[in-house]
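Structure file query.txt (compact mmCIF, C-alpha atoms (C1' of nucleotides)) is printed below.
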# COMPACT_ATOMS: atom_id res chain seq x y z
CA MET X 2 -62.91 -32.40 42.34
CA GLY X 3 -59.45 -31.13 42.99
CA ASP X 4 -56.65 -33.20 44.40
CA VAL X 5 -55.63 -32.41 47.97
CA PHE X 6 -52.09 -33.69 47.49
CA LYS X 7 -51.49 -31.68 44.35
CA ALA X 8 -52.87 -28.62 46.10
CA LEU X 9 -50.33 -29.11 48.89
CA ALA X 10 -47.46 -29.73 46.48
CA ASP X 11 -46.72 -26.06 45.89
CA PRO X 12 -44.76 -24.17 48.59
CA THR X 13 -46.61 -20.91 47.88
CA ARG X 14 -49.94 -22.61 48.52
CA ARG X 15 -48.60 -24.05 51.78
CA THR X 16 -47.54 -20.57 52.83
CA ILE X 17 -51.05 -19.34 52.03
CA LEU X 18 -52.40 -21.98 54.39
CA ASP X 19 -49.89 -20.81 56.99
CA GLU X 20 -51.14 -17.27 56.64
CA LEU X 21 -54.77 -18.35 56.93
CA THR X 22 -53.86 -20.37 60.00
CA ASP X 23 -52.32 -17.27 61.53
CA ARG X 24 -55.25 -15.02 60.58
CA ASN X 25 -58.37 -16.63 59.19
CA GLY X 26 -60.74 -14.91 56.79
CA GLN X 27 -58.40 -12.74 54.77
CA THR X 28 -59.20 -11.12 51.48
CA LEU X 29 -57.11 -11.56 48.35
CA PHE X 30 -55.43 -8.19 48.72
CA GLU X 31 -54.69 -8.73 52.38
CA LEU X 32 -53.13 -12.10 51.55
CA CYS X 33 -50.96 -10.52 48.87
CA ALA X 34 -49.75 -7.85 51.26
CA ARG X 35 -48.98 -10.21 54.13
CA LEU X 36 -47.32 -12.79 51.89
CA THR X 37 -45.01 -10.08 50.61
CA THR X 38 -44.16 -8.47 53.93
CA ARG X 39 -44.13 -11.44 56.30
CA HIS X 40 -43.04 -14.30 54.05
CA ARG X 41 -40.89 -12.50 51.47
CA LEU X 42 -43.00 -13.84 48.60
CA SER X 43 -43.17 -11.63 45.54
CA SER X 44 -46.15 -13.25 43.88
CA SER X 45 -48.57 -11.19 41.88
CA ARG X 46 -52.25 -10.82 42.65
CA GLN X 47 -53.29 -13.12 39.82
CA ALA X 48 -50.86 -15.79 40.92
CA ILE X 49 -52.26 -15.76 44.45
CA SER X 50 -55.79 -15.81 43.05
CA GLN X 51 -55.03 -18.90 40.98
CA HIS X 52 -53.45 -20.58 43.98
CA LEU X 53 -56.59 -19.85 45.97
CA ASP X 54 -58.66 -21.42 43.19
CA VAL X 55 -56.62 -24.60 43.48
CA LEU X 56 -56.96 -24.63 47.26
CA GLU X 57 -60.69 -24.05 47.01
CA ALA X 58 -61.07 -26.83 44.43
CA ALA X 59 -59.31 -29.15 46.89
CA ASP X 60 -61.74 -28.07 49.62
CA LEU X 61 -58.86 -26.75 51.70
CA VAL X 62 -60.16 -23.18 51.53
CA GLU X 63 -63.75 -21.98 51.73
CA THR X 64 -64.89 -18.53 50.72
CA ARG X 65 -67.61 -16.12 51.75
CA ARG X 66 -68.59 -13.18 49.62
CA GLU X 67 -69.59 -9.90 51.19
CA GLY X 68 -70.03 -6.92 48.91
CA ARG X 69 -66.92 -6.54 46.85
CA TYR X 70 -64.82 -8.41 49.42
CA LYS X 71 -64.22 -12.16 49.35
CA PHE X 72 -62.98 -13.71 52.56
CA HIS X 73 -60.96 -16.91 52.56
CA TYR X 74 -61.11 -19.49 55.34
CA ILE X 75 -58.92 -22.52 55.82
CA ASN X 76 -60.63 -25.90 56.04
CA THR X 77 -58.51 -28.51 57.77
CA GLY X 78 -61.06 -31.26 57.19
CA PRO X 79 -59.33 -32.97 54.24
CA LEU X 80 -55.95 -32.90 55.99
CA GLU X 81 -56.42 -35.63 58.57
CA PRO X 82 -57.37 -38.71 56.51
CA ILE X 83 -54.55 -38.21 54.01
CA VAL X 84 -51.94 -39.30 56.50
CA GLU X 85 -53.90 -41.96 58.34
CA ARG X 86 -54.01 -43.72 54.99
CA TRP X 87 -50.51 -45.08 55.60
CA LEU X 88 -50.38 -44.90 59.37
CA GLY X 89 -51.79 -47.42 61.79
CA ASN X 90 -52.01 -50.23 59.30
CA SER X 91 -48.55 -51.76 59.28
CA ASP X 92 -46.47 -52.15 62.41
CA ASP X 93 -43.66 -53.42 60.23
CA ALA X 94 -43.29 -50.06 58.53
CA THR X 95 -41.49 -48.15 61.27
CA GLY X 96 -40.02 -51.00 63.25
CA GLY X 97 -38.63 -53.30 60.61
CA GLY X 98 -36.53 -51.11 58.40
CA PRO X 99 -33.89 -52.00 55.85
CA ASP X 100 -31.39 -52.87 58.57
CA SER X 101 -33.42 -55.67 60.05
CA GLY X 102 -32.90 -59.00 58.42
CA ALA X 103 -36.53 -60.01 58.88
CA VAL X 104 -37.32 -60.78 55.27
CA THR X 105 -39.59 -63.61 54.38
CA ASP X 106 -38.91 -66.14 51.68
CA GLU X 107 -41.81 -64.85 49.67
CA THR X 108 -40.09 -61.51 49.45
CA ARG X 109 -36.95 -63.14 48.10
CA GLY X 110 -38.67 -64.73 45.13
CA PRO X 111 -40.25 -61.93 43.09
CA THR X 112 -41.66 -64.20 40.42
CA MET L 25 -33.42 -33.18 49.86
CA GLY L 26 -36.61 -34.13 48.13
CA ASP L 27 -39.95 -32.58 48.86
CA VAL L 28 -42.41 -34.79 50.73
CA PHE L 29 -45.46 -32.98 49.37
CA LYS L 30 -44.32 -33.20 45.77
CA ALA L 31 -43.56 -36.87 46.27
CA LEU L 32 -47.12 -37.42 47.46
CA ALA L 33 -48.62 -35.38 44.64
CA ASP L 34 -48.59 -38.24 42.14
CA PRO L 35 -51.35 -40.88 42.42
CA THR L 36 -49.04 -43.64 41.18
CA ARG L 37 -46.56 -42.90 43.97
CA ARG L 38 -49.40 -42.97 46.51
CA THR L 39 -50.43 -46.37 45.20
CA ILE L 40 -46.84 -47.53 45.59
CA LEU L 41 -47.00 -46.49 49.23
CA ASP L 42 -50.29 -48.39 49.52
CA GLU L 43 -48.63 -51.48 48.17
CA LEU L 44 -45.67 -51.16 50.53
CA THR L 45 -48.10 -50.69 53.40
CA ASP L 46 -49.80 -53.92 52.42
CA ARG L 47 -46.54 -55.83 51.95
CA ASN L 48 -43.33 -54.17 53.05
CA GLY L 49 -39.96 -54.89 51.48
CA GLN L 50 -40.88 -55.56 47.87
CA THR L 51 -38.49 -55.56 44.96
CA LEU L 52 -38.98 -53.45 41.86
CA PHE L 53 -40.26 -56.36 39.81
CA GLU L 54 -42.64 -57.46 42.52
CA LEU L 55 -44.00 -53.94 42.76
CA CYS L 56 -44.53 -53.80 39.01
CA ALA L 57 -46.40 -57.09 39.04
CA ARG L 58 -48.64 -56.26 41.98
CA LEU L 59 -49.37 -52.73 40.74
CA THR L 60 -50.53 -54.21 37.47
CA THR L 61 -52.63 -57.05 38.84
CA ARG L 62 -54.03 -55.55 42.03
CA HIS L 63 -54.29 -51.85 41.17
CA ARG L 64 -54.84 -51.94 37.40
CA LEU L 65 -51.81 -49.70 36.81
CA SER L 66 -50.05 -50.22 33.50
CA SER L 67 -46.83 -48.43 34.34
CA SER L 68 -43.56 -49.63 32.90
CA ARG L 69 -40.64 -50.82 34.99
CA GLN L 70 -38.65 -47.63 34.39
CA ALA L 71 -41.60 -45.47 35.39
CA ILE L 72 -41.95 -47.30 38.70
CA SER L 73 -38.21 -47.09 39.23
CA GLN L 74 -38.24 -43.33 38.79
CA HIS L 75 -41.20 -43.03 41.13
CA LEU L 76 -39.25 -45.00 43.72
CA ASP L 77 -36.32 -42.62 43.29
CA VAL L 78 -38.61 -39.68 44.08
CA LEU L 79 -40.02 -41.47 47.11
CA GLU L 80 -36.55 -42.34 48.32
CA ALA L 81 -35.35 -38.75 47.85
CA ALA L 82 -38.27 -37.63 50.01
CA ASP L 83 -37.25 -40.17 52.67
CA LEU L 84 -40.61 -41.92 52.33
CA VAL L 85 -38.98 -45.13 51.10
CA GLU L 86 -35.76 -46.75 52.30
CA THR L 87 -33.92 -49.46 50.44
CA ARG L 88 -31.73 -52.39 51.27
CA ARG L 89 -29.56 -54.11 48.73
CA GLU L 90 -29.06 -57.85 48.79
CA GLY L 91 -27.31 -59.40 45.83
CA ARG L 92 -29.12 -58.40 42.70
CA TYR L 93 -32.31 -57.69 44.62
CA LYS L 94 -33.20 -54.31 46.08
CA PHE L 95 -35.94 -54.28 48.68
CA HIS L 96 -38.06 -51.22 49.29
CA TYR L 97 -39.47 -50.27 52.68
CA ILE L 98 -41.94 -47.54 53.50
CA ASN L 99 -40.92 -44.91 56.04
CA THR L 100 -43.86 -43.13 57.63
CA GLY L 101 -41.65 -40.80 59.62
CA PRO L 102 -42.01 -37.71 57.40
CA LEU L 103 -45.79 -38.14 57.18
CA GLU L 104 -46.87 -37.00 60.62
CA PRO L 105 -45.45 -33.46 60.92
CA ILE L 106 -46.73 -32.36 57.53
CA VAL L 107 -50.32 -32.21 58.74
CA GLU L 108 -49.75 -31.00 62.30
CA ARG L 109 -48.40 -27.88 60.65
CA TRP L 110 -51.95 -26.61 60.16
CA LEU L 111 -53.72 -28.54 62.89
CA GLY L 112 -53.88 -27.66 66.55
CA ASN L 113 -52.90 -24.06 66.08
CA SER L 114 -56.13 -22.25 65.33
CA ASP L 115 -59.44 -23.21 66.88
CA ASP L 116 -61.07 -20.75 64.54
CA ALA L 117 -60.17 -22.83 61.54
CA THR L 118 -62.68 -25.64 61.89
CA GLY L 119 -65.25 -23.95 64.06
CA GLY L 120 -65.61 -20.56 62.46
CA GLY L 121 -66.27 -21.16 58.82
CA PRO L 122 -67.61 -18.87 56.15
CA ASP L 123 -71.12 -19.19 57.54
CA SER L 124 -70.32 -17.67 60.89
CA GLY L 125 -70.47 -13.93 61.00
CA ALA L 126 -67.56 -13.71 63.42
CA VAL L 127 -65.34 -11.46 61.35
CA THR L 128 -63.31 -8.76 62.98
CA ASP L 129 -63.17 -5.20 61.79
CA GLU L 130 -59.53 -5.59 60.94
CA THR L 131 -60.45 -8.25 58.45
CA ARG L 132 -62.92 -5.92 56.80
CA GLY L 133 -60.38 -3.22 56.06
CA PRO L 134 -57.60 -4.75 53.98
CA THR L 135 -55.61 -1.54 53.65
C1' DT H 12 -17.41 -68.36 30.30
C1' DT H 13 -21.98 -67.85 28.67
C1' DG H 14 -26.68 -66.63 29.18
C1' DA H 15 -30.54 -64.99 31.86
C1' DC H 16 -32.27 -61.98 35.32
C1' DA H 17 -32.68 -57.55 38.30
C1' DT H 18 -31.63 -53.06 38.19
C1' DG H 19 -29.37 -48.45 36.68
C1' DC H 20 -28.48 -44.51 33.55
C1' DA H 21 -29.54 -40.99 30.17
C1' DA H 22 -31.57 -38.62 26.27
C1' DG H 23 -35.95 -37.39 24.14
C1' DT H 24 -41.03 -36.31 24.16
C1' DA H 25 -45.68 -34.96 25.42
C1' DA H 26 -48.43 -33.13 29.03
C1' DT H 27 -48.91 -30.39 33.03
C1' DT H 28 -47.94 -26.40 35.93
C1' DG H 29 -47.02 -21.73 37.69
C1' DC H 30 -46.88 -17.32 36.18
C1' DT H 31 -47.53 -13.22 33.38
C1' DT H 32 -50.18 -10.05 30.50
C1' DG H 33 -54.22 -7.73 29.24
C1' DC H 34 -58.83 -6.75 29.61
C1' DC H 35 -63.34 -7.13 31.90
C1' DT H 36 -67.21 -7.05 35.59
C1' DA H 37 -69.08 -5.61 40.02
C1' DA H 38 -69.37 -2.73 44.25
C1' DC H 39 -68.65 1.55 46.72
C1' DA H 40 -67.74 6.75 47.29
C1' DT H 41 -68.05 11.35 45.57
C1' DA N 27 -72.54 9.67 36.27
C1' DT N 28 -67.60 9.17 37.17
C1' DG N 29 -63.60 7.32 39.32
C1' DT N 30 -61.67 3.99 42.34
C1' DT N 31 -61.24 -0.40 44.41
C1' DA N 32 -61.67 -5.65 44.77
C1' DG N 33 -61.84 -9.37 42.15
C1' DG N 34 -62.53 -12.49 37.69
C1' DC N 35 -61.46 -14.44 32.99
C1' DA N 36 -58.55 -16.13 29.40
C1' DA N 37 -54.68 -16.56 26.24
C1' DG N 38 -49.71 -17.21 26.08
C1' DC N 39 -45.04 -18.57 27.81
C1' DA N 40 -41.35 -20.95 30.34
C1' DA N 41 -40.24 -24.50 33.51
C1' DT N 42 -41.26 -28.81 35.40
C1' DT N 43 -42.94 -33.49 35.22
C1' DA N 44 -44.10 -38.26 33.94
C1' DC N 45 -43.11 -41.41 30.65
C1' DT N 46 -40.77 -43.84 26.98
C1' DT N 47 -36.78 -45.76 24.50
C1' DG N 48 -32.36 -47.72 24.28
C1' DC N 49 -28.35 -49.30 26.21
C1' DA N 50 -25.22 -50.40 30.22
C1' DT N 51 -23.90 -52.61 34.77
C1' DG N 52 -23.93 -56.20 38.08
C1' DT N 53 -25.49 -60.75 39.97
C1' DC N 54 -26.50 -65.58 39.72
C1' DA N 55 -26.92 -70.34 37.49
C1' DA N 56 -25.25 -73.74 34.18

Can you dump the structure from the file as structure tokens?
Amino acid sequence: MGDVFKALADPTRRTILDELTDRNGQTLFELCARLTTRHRLSSSRQAISQHLDVLEAADLVETRREGRYKFHYINTGPLEPIVERWLGNSDDATGGGPDSGAVTDETRGPT
Amino acid sequence: MGDVFKALADPTRRTILDELTDRNGQTLFELCARLTTRHRLSSSRQAISQHLDVLEAADLVETRREGRYKFHYINTGPLEPIVERWLGNSDDATGGGPDSGAVTDETRGPT
DNA sequence: TTGACATGCAAGTAATTGCTTGCCTAACAT
DNA sequence: ATGTTAGGCAAGCAATTACTTGCATGTCAA
């Protein structure tokens, strides 16, 4: 299974998700055209296709074949739990930053 | 400025954030010890240090120096907007998947 | 001051990644 | 059948990345 974080690491793939958010169910050619005109991205067809493979492996994009067309749909399902992993667990994370002197003695002795 | 997505792309860096969520304000040596014992990660001290540099460049980790110790604190601030970028904009994203035949005619003609 | 401890810096290496190039298969129209 | 269109497959290349190795800096205790 593909990694969601690694799929999101590339800015071109994030722009592809932006485009699918704006208009869902685009074909590969339509994505190439709109990425070039609207986002100033000069990526080739094969590059976009490989990016879509990565996004599909990460379950962020689902596809539906119809004749010789292949429509791509964004799937926001894997996006929510990846942030809640570090949110909501520690109240000390946001409140007690490096400026607050609230450091325990256990933290002082690393050994 | 560092990229938040690229910082999250590495599984070791995500485990570091897990560790800081569990106990905030750890030193480099304490992180090395707990990553080895609790997460079965056999990363060297320099490797962890470089990972912390990436996390700090992405503003996901803040540091506070005290003598020869350097304490590391997680910062969950950049985590929230990175997902809301694709959520809440399109209702068609989650509801209308590849199985639904709700495809417009404009989608069918890519040219 | 001397030695031990915590961390920083930088060059080198192996693996991964994003992209290109070239050719191929499948569907539709004439 | 032939040509065109949409997409797929795979090898190769350049850039990035994660990690190691070795040494340097700064802090604290004796």

Using only C-alpha atoms (C1' of nucleotides) and a cutoff of 9 Å, can you tell me which residues are near (-38.7, -49.0, 47.5) in the file's coordinates, and write them out as a PyMOL selection string?
chain L and resi 40-41+44+48-52+55+73+76-77+79-80+84-88+94-98

Export of the given selection (C-alpha atoms) as a PDB file, in the coordinates of the input:
ATOM      1  CA  ILE L  40     -46.840 -47.530  45.590  1.00  0.00           C
ATOM      2  CA  LEU L  41     -47.000 -46.490  49.230  1.00  0.00           C
ATOM      3  CA  LEU L  44     -45.670 -51.160  50.530  1.00  0.00           C
ATOM      4  CA  ASN L  48     -43.330 -54.170  53.050  1.00  0.00           C
ATOM      5  CA  GLY L  49     -39.960 -54.890  51.480  1.00  0.00           C
ATOM      6  CA  GLN L  50     -40.880 -55.560  47.870  1.00  0.00           C
ATOM      7  CA  THR L  51     -38.490 -55.560  44.960  1.00  0.00           C
ATOM      8  CA  LEU L  52     -38.980 -53.450  41.860  1.00  0.00           C
ATOM      9  CA  LEU L  55     -44.000 -53.940  42.760  1.00  0.00           C
ATOM     10  CA  SER L  73     -38.210 -47.090  39.230  1.00  0.00           C
ATOM     11  CA  LEU L  76     -39.250 -45.000  43.720  1.00  0.00           C
ATOM     12  CA  ASP L  77     -36.320 -42.620  43.290  1.00  0.00           C
ATOM     13  CA  LEU L  79     -40.020 -41.470  47.110  1.00  0.00           C
ATOM     14  CA  GLU L  80     -36.550 -42.340  48.320  1.00  0.00           C
ATOM     15  CA  LEU L  84     -40.610 -41.920  52.330  1.00  0.00           C
ATOM     16  CA  VAL L  85     -38.980 -45.130  51.100  1.00  0.00           C
ATOM     17  CA  GLU L  86     -35.760 -46.750  52.300  1.00  0.00           C
ATOM     18  CA  THR L  87     -33.920 -49.460  50.440  1.00  0.00           C
ATOM     19  CA  ARG L  88     -31.730 -52.390  51.270  1.00  0.00           C
ATOM     20  CA  LYS L  94     -33.200 -54.310  46.080  1.00  0.00           C
ATOM     21  CA  PHE L  95     -35.940 -54.280  48.680  1.00  0.00           C
ATOM     22  CA  HIS L  96     -38.060 -51.220  49.290  1.00  0.00           C
ATOM     23  CA  TYR L  97     -39.470 -50.270  52.680  1.00  0.00           C
ATOM     24  CA  ILE L  98     -41.940 -47.540  53.500  1.00  0.00           C
TER      25      ILE L  98
END

Select all residues from chain X having any atom no more than 8 Å from an atom of chain N (counting only C-alpha atoms (C1' of nucleotides), ignoring ligands), output as number ranges by chain.
X: 30, 69-70

From the list L:Glu54, L:Glu108, L:Asp27, L:Asp83, which residue is nearest chain X when using all atoms listed in the file?
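Among L:Glu54, L:Glu108, L:Asp27, L:Asp83, it is L:Glu54 that comes nearest to chain X.
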
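Using all atoms listed in the file, we find that the part of chain X lying within 9 Å of chain H comprises Ser44, Ser45, Gln47, Ala48, Gly68, Arg69 and Tyr70 of chain X.
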
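Residues within 8 Å of X:Gly3, counting only C-alpha atoms (C1' of nucleotides) and excluding same-chain residues fewer than 5 positions away, are Ala8, Val55, Ala58, Ala59 and Asp60 of chain X.
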
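Nearest residue to chain X, choosing from L:Ala33, L:Leu65, L:Ile106, L:Val28 and counting only C-alpha atoms: L:Ala33.
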
Correct to one decimal, the distance atom CA of L:Leu111-atom CA of X:Glu20 is 13.1 Å

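The two atoms in question, atom CA of X:Met2 and atom CA of X:Ile49, are spaced 19.9 Å apart.
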